[in-house]
$ cat my_file-v5.txt   # compact mmCIF, C-alpha atoms (C1' of nucleotides)
# COMPACT_ATOMS: atom_id res chain seq x y z
CA MET A 8 -14.96 55.49 44.22
CA ARG A 9 -16.69 55.45 40.90
CA LEU A 10 -18.49 52.36 39.72
CA THR A 11 -19.50 52.48 36.08
CA THR A 12 -19.58 50.28 33.01
CA LYS A 13 -15.87 50.98 32.60
CA GLY A 14 -15.12 49.03 35.75
CA ARG A 15 -17.58 46.41 34.62
CA TYR A 16 -15.65 45.98 31.39
CA ALA A 17 -12.43 45.61 33.33
CA VAL A 18 -13.88 43.06 35.76
CA THR A 19 -15.44 41.09 32.92
CA ALA A 20 -12.15 41.05 31.01
CA MET A 21 -10.26 39.96 34.11
CA ILE A 22 -12.69 37.09 34.74
CA ASP A 23 -12.16 36.00 31.14
CA LEU A 24 -8.41 36.23 31.63
CA ALA A 25 -8.52 34.33 34.92
CA MET A 26 -10.54 31.54 33.37
CA ASN A 27 -8.27 31.11 30.38
CA GLN A 28 -4.70 31.74 31.44
CA SER A 29 -4.07 28.13 32.42
CA LEU A 30 -2.81 27.31 28.91
CA GLY A 31 -0.65 30.43 28.61
CA PRO A 32 -1.06 34.14 27.96
CA VAL A 33 -4.50 35.28 26.85
CA SER A 34 -4.56 37.78 23.98
CA LEU A 35 -6.70 40.86 24.13
CA LYS A 36 -7.97 39.87 20.71
CA SER A 37 -9.62 36.79 22.17
CA ILE A 38 -11.12 38.73 25.07
CA SER A 39 -12.33 41.32 22.59
CA VAL A 40 -14.10 38.67 20.53
CA ASN A 41 -15.50 36.75 23.48
CA GLN A 42 -16.70 39.70 25.50
CA GLY A 43 -17.59 42.07 22.69
CA ILE A 44 -15.28 44.84 23.86
CA SER A 45 -13.24 46.98 21.47
CA LEU A 46 -9.63 45.79 21.22
CA SER A 47 -8.11 49.23 21.59
CA TYR A 48 -10.30 49.99 24.56
CA LEU A 49 -9.10 46.79 26.19
CA GLU A 50 -5.51 47.84 25.45
CA GLN A 51 -6.10 51.04 27.35
CA LEU A 52 -7.71 49.27 30.28
CA PHE A 53 -4.92 46.68 30.46
CA ALA A 54 -2.24 49.36 30.24
CA LYS A 55 -3.68 50.78 33.46
CA MET A 56 -3.96 47.40 35.12
CA LYS A 57 -0.40 46.60 34.13
CA ARG A 58 0.75 49.83 35.75
CA LYS A 59 -0.96 48.70 38.95
CA ASN A 60 0.78 45.32 38.72
CA LEU A 61 -2.38 43.32 38.25
CA VAL A 62 -1.33 41.77 34.94
CA VAL A 63 1.88 40.95 33.07
CA GLY A 64 2.16 41.31 29.32
CA ALA A 65 3.94 38.91 26.94
CA ARG A 66 4.74 40.20 23.48
CA GLY A 67 4.97 38.37 20.21
CA PRO A 68 2.91 35.56 18.72
CA GLY A 69 1.35 33.37 21.40
CA GLY A 70 1.69 36.30 23.74
CA GLY A 71 -0.97 38.11 25.68
CA TYR A 72 -1.58 38.78 29.32
CA VAL A 73 -1.50 36.69 32.47
CA LEU A 74 -2.41 37.70 35.99
CA ALA A 75 0.54 39.09 37.90
CA ARG A 76 -0.74 37.61 41.14
CA ASP A 77 -2.86 34.72 42.34
CA VAL A 78 -6.58 34.93 41.52
CA ASP A 79 -7.33 35.00 45.23
CA SER A 80 -5.08 37.96 45.89
CA ILE A 81 -6.74 40.21 43.29
CA SER A 82 -9.86 41.92 44.54
CA ILE A 83 -12.64 43.60 42.60
CA ALA A 84 -11.59 46.84 44.29
CA ASP A 85 -8.07 46.42 42.85
CA ILE A 86 -9.50 46.16 39.34
CA ILE A 87 -11.98 49.02 39.59
CA LEU A 88 -9.51 51.36 41.24
CA ALA A 89 -6.95 50.53 38.53
CA VAL A 90 -9.14 51.66 35.64
CA ASP A 91 -11.30 54.29 37.39
CA GLU A 92 -8.69 56.52 38.89
CA PRO A 93 -10.22 58.50 41.72
CA LEU A 94 -9.21 62.12 41.06
CA ASP A 95 -11.75 62.87 43.77
CA ILE A 96 -9.17 65.05 45.50
CA THR A 97 -11.16 68.07 44.33
CA GLU A 98 -14.09 69.38 46.39
CA CYS A 99 -13.57 70.98 49.70
CA GLU A 100 -9.80 70.70 50.22
CA GLY A 101 -9.37 73.90 52.17
CA GLU A 102 -12.14 75.60 50.18
CA GLU A 103 -14.20 78.60 51.14
CA ASN A 104 -17.45 76.75 51.78
CA CYS A 105 -15.97 74.86 54.69
CA HIS A 106 -16.07 77.74 57.13
CA ASP A 107 -18.92 76.44 59.23
CA GLY A 108 -17.64 72.90 59.38
CA LYS A 109 -20.85 71.74 57.74
CA ARG A 110 -19.56 70.86 54.37
CA CYS A 111 -16.64 68.88 55.65
CA LEU A 112 -19.04 67.01 57.89
CA THR A 113 -21.05 65.43 55.13
CA HIS A 114 -17.92 64.93 53.08
CA ASP A 115 -16.47 62.94 55.94
CA LEU A 116 -19.63 60.89 56.10
CA TRP A 117 -19.42 60.21 52.41
CA SER A 118 -15.82 59.15 52.58
CA GLU A 119 -16.65 56.83 55.45
CA LEU A 120 -19.30 55.30 53.24
CA THR A 121 -16.89 54.80 50.37
CA ASP A 122 -14.37 53.33 52.79
CA GLN A 123 -16.94 50.71 53.70
CA LEU A 124 -17.53 50.08 50.03
CA HIS A 125 -13.80 49.63 49.50
CA VAL A 126 -13.66 47.08 52.27
CA PHE A 127 -16.61 45.27 50.76
CA LEU A 128 -15.20 45.16 47.24
CA ARG A 129 -11.75 44.30 48.55
CA GLY A 130 -13.34 41.27 50.15
CA ILE A 131 -14.46 39.85 46.82
CA ARG A 132 -11.65 38.12 44.96
CA LEU A 133 -11.35 37.24 41.31
CA GLY A 134 -10.95 33.58 42.21
CA GLU A 135 -14.28 33.64 43.99
CA LEU A 136 -16.11 34.96 40.94
CA MET A 137 -14.29 32.48 38.75
CA ARG A 138 -15.19 29.48 40.88
CA ARG A 139 -18.78 30.60 41.19
CA SER A 140 -19.14 30.03 37.46
CA GLY A 141 -18.36 26.36 37.90
CA ILE A 142 -16.02 24.68 35.47
CA ASP A 143 -14.14 26.71 32.89
CA GLN A 144 -16.44 26.77 29.90
CA ALA A 145 -14.42 28.89 27.54
CA ARG A 146 -11.77 26.43 26.39
CA ASN A 147 -14.44 24.09 25.10
CA SER A 148 -15.35 26.58 22.43
CA GLY A 149 -12.34 25.73 20.28
CA PRO A 150 -9.80 27.93 18.59
CA ALA A 151 -12.26 29.82 16.40
CA VAL A 152 -13.73 31.50 19.44
CA ARG A 153 -10.98 31.27 21.98
CA LEU A 154 -8.13 31.79 19.52
CA ALA A 155 -5.96 29.48 21.60
CA ARG A 156 -2.93 27.76 20.22
CA SER A 157 -4.35 24.59 18.76
CA ASP A 158 -1.30 22.51 19.72
CA GLY A 159 -1.80 23.41 23.36
CA HIS A 160 1.85 24.29 23.70
CA ARG A 161 2.43 26.37 26.76
CA VAL A 162 4.21 29.57 25.90
CA GLY A 163 6.91 30.75 28.22
CA LEU A 164 6.32 33.90 30.21
CA PRO A 165 8.78 36.69 30.78
CA GLU A 166 10.20 36.24 34.26
CA MET B 8 -25.66 49.94 39.57
CA ARG B 9 -23.74 53.09 38.83
CA LEU B 10 -21.96 54.91 41.61
CA THR B 11 -20.76 58.37 40.66
CA THR B 12 -20.61 61.88 42.04
CA LYS B 13 -24.27 62.22 41.07
CA GLY B 14 -25.24 59.71 43.71
CA ARG B 15 -22.80 61.35 46.07
CA TYR B 16 -24.58 64.66 45.60
CA ALA B 17 -27.91 63.02 46.30
CA VAL B 18 -26.68 61.25 49.43
CA THR B 19 -25.01 64.42 50.71
CA ALA B 20 -28.19 66.42 50.13
CA MET B 21 -30.28 63.78 51.88
CA ILE B 22 -27.98 63.77 54.90
CA ASP B 23 -28.32 67.55 55.04
CA LEU B 24 -32.09 67.20 54.79
CA ALA B 25 -32.23 64.48 57.44
CA MET B 26 -30.20 66.59 59.85
CA ASN B 27 -32.30 69.69 59.42
CA GLN B 28 -35.91 68.67 58.90
CA SER B 29 -36.71 68.67 62.62
CA LEU B 30 -37.78 72.32 62.46
CA GLY B 31 -39.82 71.94 59.30
CA PRO B 32 -39.27 71.60 55.56
CA VAL B 33 -35.76 72.24 54.32
CA SER B 34 -35.47 74.38 51.19
CA LEU B 35 -33.24 73.33 48.35
CA LYS B 36 -31.81 76.84 48.50
CA SER B 37 -30.34 76.14 51.92
CA ILE B 38 -28.95 72.78 50.83
CA SER B 39 -27.52 74.46 47.75
CA VAL B 40 -25.71 77.04 49.88
CA ASN B 41 -24.53 74.59 52.55
CA GLN B 42 -23.38 71.85 50.24
CA GLY B 43 -22.26 73.93 47.29
CA ILE B 44 -24.55 72.21 44.80
CA SER B 45 -26.37 74.07 42.04
CA LEU B 46 -30.01 74.79 42.97
CA SER B 47 -31.43 73.64 39.66
CA TYR B 48 -29.40 70.48 39.75
CA LEU B 49 -30.79 69.78 43.20
CA GLU B 50 -34.29 70.37 41.85
CA GLN B 51 -33.71 67.70 39.25
CA LEU B 52 -32.33 65.24 41.78
CA PHE B 53 -35.19 65.87 44.20
CA ALA B 54 -37.78 65.52 41.45
CA LYS B 55 -36.48 61.99 40.94
CA MET B 56 -36.39 61.23 44.64
CA LYS B 57 -39.92 62.55 45.01
CA ARG B 58 -41.05 60.22 42.23
CA LYS B 59 -39.56 57.35 44.21
CA ASN B 60 -41.38 58.50 47.35
CA LEU B 61 -38.26 59.31 49.31
CA VAL B 62 -39.17 62.94 49.93
CA VAL B 63 -42.29 65.09 50.11
CA GLY B 64 -42.37 68.65 48.83
CA ALA B 65 -44.08 71.63 50.46
CA ARG B 66 -44.63 74.70 48.31
CA GLY B 67 -44.72 78.32 49.25
CA PRO B 68 -42.65 80.38 51.67
CA GLY B 69 -41.34 78.27 54.53
CA GLY B 70 -41.72 75.27 52.29
CA GLY B 71 -39.12 72.82 51.13
CA TYR B 72 -38.70 69.10 51.44
CA VAL B 73 -39.03 66.60 54.24
CA LEU B 74 -38.28 62.89 54.17
CA ALA B 75 -41.29 60.83 53.18
CA ARG B 76 -40.22 58.02 55.48
CA ASP B 77 -38.28 57.47 58.66
CA VAL B 78 -34.51 58.05 58.42
CA ASP B 79 -33.97 54.40 59.31
CA SER B 80 -36.16 53.13 56.51
CA ILE B 81 -34.30 55.00 53.77
CA SER B 82 -31.18 53.24 52.55
CA ILE B 83 -28.25 54.55 50.56
CA ALA B 84 -29.29 52.17 47.80
CA ASP B 85 -32.73 53.82 47.69
CA ILE B 86 -31.13 57.21 47.13
CA ILE B 87 -28.59 56.15 44.54
CA LEU B 88 -31.08 54.07 42.57
CA ALA B 89 -33.49 57.00 42.58
CA VAL B 90 -31.11 59.42 40.86
CA ASP B 91 -28.95 56.99 38.86
CA GLU B 92 -31.53 55.08 36.91
CA PRO B 93 -30.06 51.79 35.79
CA LEU B 94 -30.89 51.50 32.08
CA ASP B 95 -28.47 48.59 32.15
CA ILE B 96 -31.03 46.47 30.33
CA THR B 97 -28.89 46.77 27.20
CA GLU B 98 -26.00 44.36 26.54
CA CYS B 99 -26.59 40.76 25.80
CA GLU B 100 -30.38 40.41 26.05
CA GLY B 101 -30.71 37.68 23.48
CA GLU B 102 -27.88 39.13 21.41
CA GLU B 103 -25.75 37.41 18.84
CA ASN B 104 -22.57 37.22 20.91
CA CYS B 105 -24.18 34.89 23.40
CA HIS B 106 -24.05 31.82 21.19
CA ASP B 107 -21.35 30.02 23.11
CA GLY B 108 -22.78 30.80 26.51
CA LYS B 109 -19.59 32.61 27.40
CA ARG B 110 -20.81 36.14 27.37
CA CYS B 111 -23.87 35.47 29.42
CA LEU B 112 -21.65 33.70 31.92
CA THR B 113 -19.61 36.72 32.88
CA HIS B 114 -22.69 38.90 32.69
CA ASP B 115 -24.35 36.70 35.27
CA LEU B 116 -21.28 36.96 37.46
CA TRP B 117 -21.37 40.72 37.17
CA SER B 118 -25.02 40.95 38.04
CA GLU B 119 -24.40 38.72 41.05
CA LEU B 120 -21.73 41.14 42.12
CA THR B 121 -24.02 44.14 41.79
CA ASP B 122 -26.70 42.24 43.68
CA GLN B 123 -24.26 41.91 46.57
CA LEU B 124 -23.53 45.60 46.31
CA HIS B 125 -27.25 46.35 46.45
CA VAL B 126 -27.61 44.30 49.59
CA PHE B 127 -24.66 46.09 51.12
CA LEU B 128 -25.89 49.59 50.30
CA ARG B 129 -29.43 48.68 51.30
CA GLY B 130 -28.02 47.81 54.70
CA ILE B 131 -26.79 51.33 55.32
CA ARG B 132 -29.55 53.69 56.40
CA LEU B 133 -29.68 57.45 56.34
CA GLY B 134 -30.24 57.52 60.09
CA GLU B 135 -27.02 55.62 60.63
CA LEU B 136 -24.97 58.15 58.68
CA MET B 137 -26.74 60.98 60.46
CA ARG B 138 -26.06 59.64 63.93
CA ARG B 139 -22.46 58.88 63.08
CA SER B 140 -21.89 62.59 62.72
CA GLY B 141 -22.78 63.11 66.38
CA ILE B 142 -25.00 66.01 67.29
CA ASP B 143 -26.67 68.05 64.56
CA GLN B 144 -24.21 70.83 63.85
CA ALA B 145 -26.02 72.68 61.14
CA ARG B 146 -28.65 74.54 63.13
CA ASN B 147 -25.97 76.28 65.16
CA SER B 148 -24.87 78.20 62.12
CA GLY B 149 -27.78 80.59 62.26
CA PRO B 150 -30.16 81.78 59.60
CA ALA B 151 -27.51 83.32 57.36
CA VAL B 152 -26.16 79.91 56.56
CA ARG B 153 -29.06 77.63 57.30
CA LEU B 154 -31.75 79.98 56.05
CA ALA B 155 -34.07 78.63 58.72
CA ARG B 156 -37.08 80.51 59.93
CA SER B 157 -35.69 82.62 62.72
CA ASP B 158 -38.86 82.35 64.82
CA GLY B 159 -38.55 78.59 64.86
CA HIS B 160 -42.18 78.21 63.89
CA ARG B 161 -42.85 74.75 62.62
CA VAL B 162 -44.46 74.87 59.23
CA GLY B 163 -47.23 72.44 58.55
CA LEU B 164 -46.65 69.69 56.06
CA PRO B 165 -49.02 68.51 53.40
CA GLU B 166 -50.62 65.33 54.70
C1' DT C 4 15.66 35.91 7.77
C1' DG C 5 11.28 37.63 7.40
C1' DA C 6 6.32 37.61 7.98
C1' DA C 7 3.00 37.67 11.36
C1' DA C 8 1.10 38.16 15.96
C1' DA C 9 0.93 40.27 19.64
C1' DA C 10 1.85 44.08 23.13
C1' DC C 11 2.49 48.79 23.41
C1' DC C 12 1.76 53.78 22.25
C1' DT C 13 -0.40 58.35 20.78
C1' DA C 14 -3.89 61.06 19.13
C1' DG C 15 -8.24 61.94 17.78
C1' DT C 16 -13.51 61.63 18.16
C1' DA C 17 -18.56 60.50 18.50
C1' DA C 18 -21.83 59.65 21.87
C1' DA C 19 -23.36 59.83 26.36
C1' DA C 20 -23.53 61.49 31.02
C1' DT C 21 -22.74 65.10 34.20
C1' DA C 22 -23.48 69.40 36.02
C1' DC C 23 -25.09 72.97 35.29
C1' DT C 24 -27.92 77.68 33.28
C1' DT C 25 -31.92 80.10 31.89
C1' DG C 26 -36.38 81.22 32.18
C1' DG C 27 -40.30 80.25 33.23
C1' DT C 28 -45.30 78.47 36.12
C1' DT C 29 -47.69 77.45 40.06
C1' DT C 30 -48.62 77.23 44.92
C1' DT C 31 -48.62 79.08 49.36
C1' DT C 32 -47.62 82.18 53.03
C1' DA C 33 -47.50 86.71 55.42
C1' DT D 25 -50.22 91.14 46.59
C1' DA D 26 -45.42 90.32 46.92
C1' DA D 27 -42.25 86.97 47.88
C1' DA D 28 -40.60 82.30 48.60
C1' DA D 29 -40.58 78.20 47.46
C1' DA D 30 -41.60 73.94 44.61
C1' DC D 31 -42.11 72.52 40.06
C1' DC D 32 -41.13 72.36 35.03
C1' DA D 33 -38.81 72.44 30.31
C1' DA D 34 -35.20 73.29 27.39
C1' DG D 35 -30.69 74.24 26.33
C1' DT D 36 -25.47 73.83 27.02
C1' DA D 37 -20.58 73.47 28.50
C1' DT D 38 -17.68 70.11 30.32
C1' DT D 39 -16.26 65.64 31.25
C1' DT D 40 -16.27 60.84 30.67
C1' DT D 41 -16.94 56.85 28.02
C1' DA D 42 -16.01 53.98 24.37
C1' DC D 43 -14.09 53.71 20.49
C1' DT D 44 -11.19 54.46 15.82
C1' DA D 45 -6.98 55.09 13.38
C1' DG D 46 -2.48 54.51 12.77
C1' DG D 47 1.35 53.59 14.18
C1' DT D 48 6.15 51.03 16.85
C1' DT D 49 8.28 47.43 19.00
C1' DT D 50 8.99 42.75 20.44
C1' DT D 51 8.87 38.00 19.73
C1' DT D 52 7.83 33.67 17.55
C1' DC D 53 8.08 30.44 14.01
C1' DA D 54 8.37 28.71 9.37

$ encode --input "my_file-v5.txt" --output "structure tokens"
Amino acid sequence: MRLTTKGRYAVTAMIDLAMNQSLGPVSLKSISVNQGISLSYLEQLFAKMKRKNLVVGARGPGGGYVLARDVDSISIADIILAVDEPLDITECEGEENCHDGKRCLTHDLWSELTDQLHVFLRGIRLGELMRRSGIDQARNSGPAVRLARSDGHRVGLPE
Amino acid sequence: MRLTTKGRYAVTAMIDLAMNQSLGPVSLKSISVNQGISLSYLEQLFAKMKRKNLVVGARGPGGGYVLARDVDSISIADIILAVDEPLDITECEGEENCHDGKRCLTHDLWSELTDQLHVFLRGIRLGELMRRSGIDQARNSGPAVRLARSDGHRVGLPE
DNA sequence: TGAAAAACCTAGTAAAATACTTGGTTTTTA
DNA sequence: TAAAAACCAAGTATTTTACTAGGTTTTTCA
């Protein structure tokens, strides 16, 4: 499991989304402005998260993304694994350096370690991080920052 | 905190070192051969770990590295932080995008998350990983693989 | 009906990090 | 004194990151 700023971007964006989806879909534009992340980069990250069924997209004006599942059923591990695909299948899969059993040994140890990390990150849910921040602060910023529909009309989601 | 294959290399090398230092310093050459990591790359990783007082070097023939501390006092976090310097001081340190308090909010959440990760990885010690592998298997491979001194003479360490 | 807002898509690309390579020097041992 | 090792500096190919550019498709609303 990799853990880089890419995953950090994704987690940050998802926290933003979780905190603001109550009034309807959240546009990537607004997340881009609020979090200072390039719009197109966000599009790429959300395309991956959509493929992993973490978010649902809604096209057209007033559209955006909403979480596909409950905030408490989405873990940090889900998010990071969605954007940082492993591709760690390389190394030592029937390779020549494994002859003495030594290489596979430490590789097993390492994978055990990452398994523990998975369990740990799977234990932290989006809802937890959201609640830890106290009350939703974003909506108070007004439409200029949040880019929310000023009439507060709730836009229907695709079923 | 970053967590990439670089840290994985370092942890793997340190497990190798921990399992083989009982007979004296372990050369990077032997770790290079056993773990399939470039010698010069190992040199760079160990230079960083030496700077963080995780290992002690011994020059000359029969030299190599030994752990500077007990296997149970060196955590996985120590190793990863030694080779993957953070340099995460960027982003949002009195920047312009913080005006509405929103950006700093998610940044705080993220740093809380990495704090938890630190605690977790600090809780896993090198000795634990070592013992989990059962009995030391490496020394049975003989000098061709391990490159150990065949006479078994224990080389003195610098004090 | 048509303009606009959004997702959605593809391709490229600059900067950074990773994972080396090369070619040394210094120290220590036998 | 030769060899083995740490130690050091500089360069480099590859990969990843983070982004730009330029679209299309879908949907809403005036």

$ atom_distance --input "my_file-v5.txt" --atom1 "CA of Arg132 in chain A" --atom2 "CA of Ala25 in chain A"
11.2 Å

$ interface_residues --input "my_file-v5.txt" --of "chain C" --to "chain B" --cutoff "10 Å" --atoms "all atoms listed in the file" --output "list in words"
DT21, DA22, DC23, DT24, DT29, DT30, DT31, DT32 and DA33 of chain C

$ atom_distance --input "my_file-v5.txt" --atom1 "CA of Arg9 in chain A" --atom2 "CA of Leu10 in chain B"
5.3 Å

$ closest_residue --input "my_file-v5.txt" --among "B:Leu35, B:Met8, B:Val90, B:Ala17" --to "chain A" --atoms "all atoms listed in the file"
B:Met8

$ atom_distance --input "my_file-v5.txt" --atom1 "CA of Glu135 in chain A" --atom2 "CA of Gly14 in chain A"
17.5 Å

$ interface_residues --input "my_file-v5.txt" --of "chain D" --to "chain B" --cutoff "8 Å" --atoms "all atoms listed in the file" --output "compact mmCIF listing (two decimals) with C-alpha atoms (C1' of nucleotides), keeping the file's coordinate frame"
# COMPACT_ATOMS: atom_id res chain seq x y z
C1' DA D 27 -42.25 86.97 47.88
C1' DA D 28 -40.60 82.30 48.60
C1' DA D 29 -40.58 78.20 47.46
C1' DA D 30 -41.60 73.94 44.61

$ decode --input "my_file-v5.txt" --residues "range 62-75 of chain A" --atoms "N, CA, C and O atoms" --output "compact mmCIF listing (two decimals), in the first residue's frame"
# COMPACT_ATOMS: atom_id res chain seq x y z
N VAL A 62 -18.36 6.91 -5.02
CA VAL A 62 -19.14 8.11 -5.29
C VAL A 62 -20.06 7.87 -6.50
O VAL A 62 -19.83 6.95 -7.28
N VAL A 63 -21.08 8.72 -6.60
CA VAL A 63 -22.00 8.67 -7.72
C VAL A 63 -22.03 10.06 -8.36
O VAL A 63 -22.13 11.05 -7.65
N GLY A 64 -21.91 10.10 -9.67
CA GLY A 64 -21.89 11.39 -10.35
C GLY A 64 -23.27 11.80 -10.82
O GLY A 64 -24.12 10.96 -11.10
N ALA A 65 -23.53 13.10 -10.87
CA ALA A 65 -24.79 13.64 -11.40
C ALA A 65 -24.43 14.74 -12.39
O ALA A 65 -23.79 15.73 -12.02
N ARG A 66 -24.79 14.54 -13.63
CA ARG A 66 -24.42 15.50 -14.67
C ARG A 66 -25.34 16.71 -14.71
O ARG A 66 -26.38 16.72 -14.06
N GLY A 67 -24.95 17.66 -15.52
CA GLY A 67 -25.78 18.83 -15.73
C GLY A 67 -25.63 19.87 -14.63
O GLY A 67 -25.02 19.60 -13.59
N PRO A 68 -26.23 21.04 -14.87
CA PRO A 68 -26.17 22.12 -13.89
C PRO A 68 -26.76 21.67 -12.56
O PRO A 68 -27.77 20.96 -12.54
N GLY A 69 -26.13 22.05 -11.46
CA GLY A 69 -26.57 21.61 -10.15
C GLY A 69 -26.10 20.21 -9.83
O GLY A 69 -26.36 19.67 -8.76
N GLY A 70 -25.38 19.63 -10.80
CA GLY A 70 -24.86 18.28 -10.60
C GLY A 70 -23.59 18.28 -9.79
O GLY A 70 -23.20 19.29 -9.21
N GLY A 71 -22.94 17.14 -9.77
CA GLY A 71 -21.72 16.99 -9.00
C GLY A 71 -21.60 15.55 -8.54
O GLY A 71 -22.03 14.63 -9.23
N TYR A 72 -21.04 15.38 -7.37
CA TYR A 72 -20.89 14.03 -6.83
C TYR A 72 -21.53 13.94 -5.46
O TYR A 72 -21.56 14.92 -4.71
N VAL A 73 -22.04 12.76 -5.15
CA VAL A 73 -22.44 12.44 -3.78
C VAL A 73 -21.80 11.10 -3.44
O VAL A 73 -21.41 10.35 -4.33
N LEU A 74 -21.70 10.83 -2.15
CA LEU A 74 -21.15 9.55 -1.73
C LEU A 74 -22.11 8.43 -2.13
O LEU A 74 -23.33 8.58 -2.02
N ALA A 75 -21.57 7.33 -2.58
CA ALA A 75 -22.40 6.21 -3.00
C ALA A 75 -22.88 5.41 -1.79
O ALA A 75 -23.86 4.68 -1.87
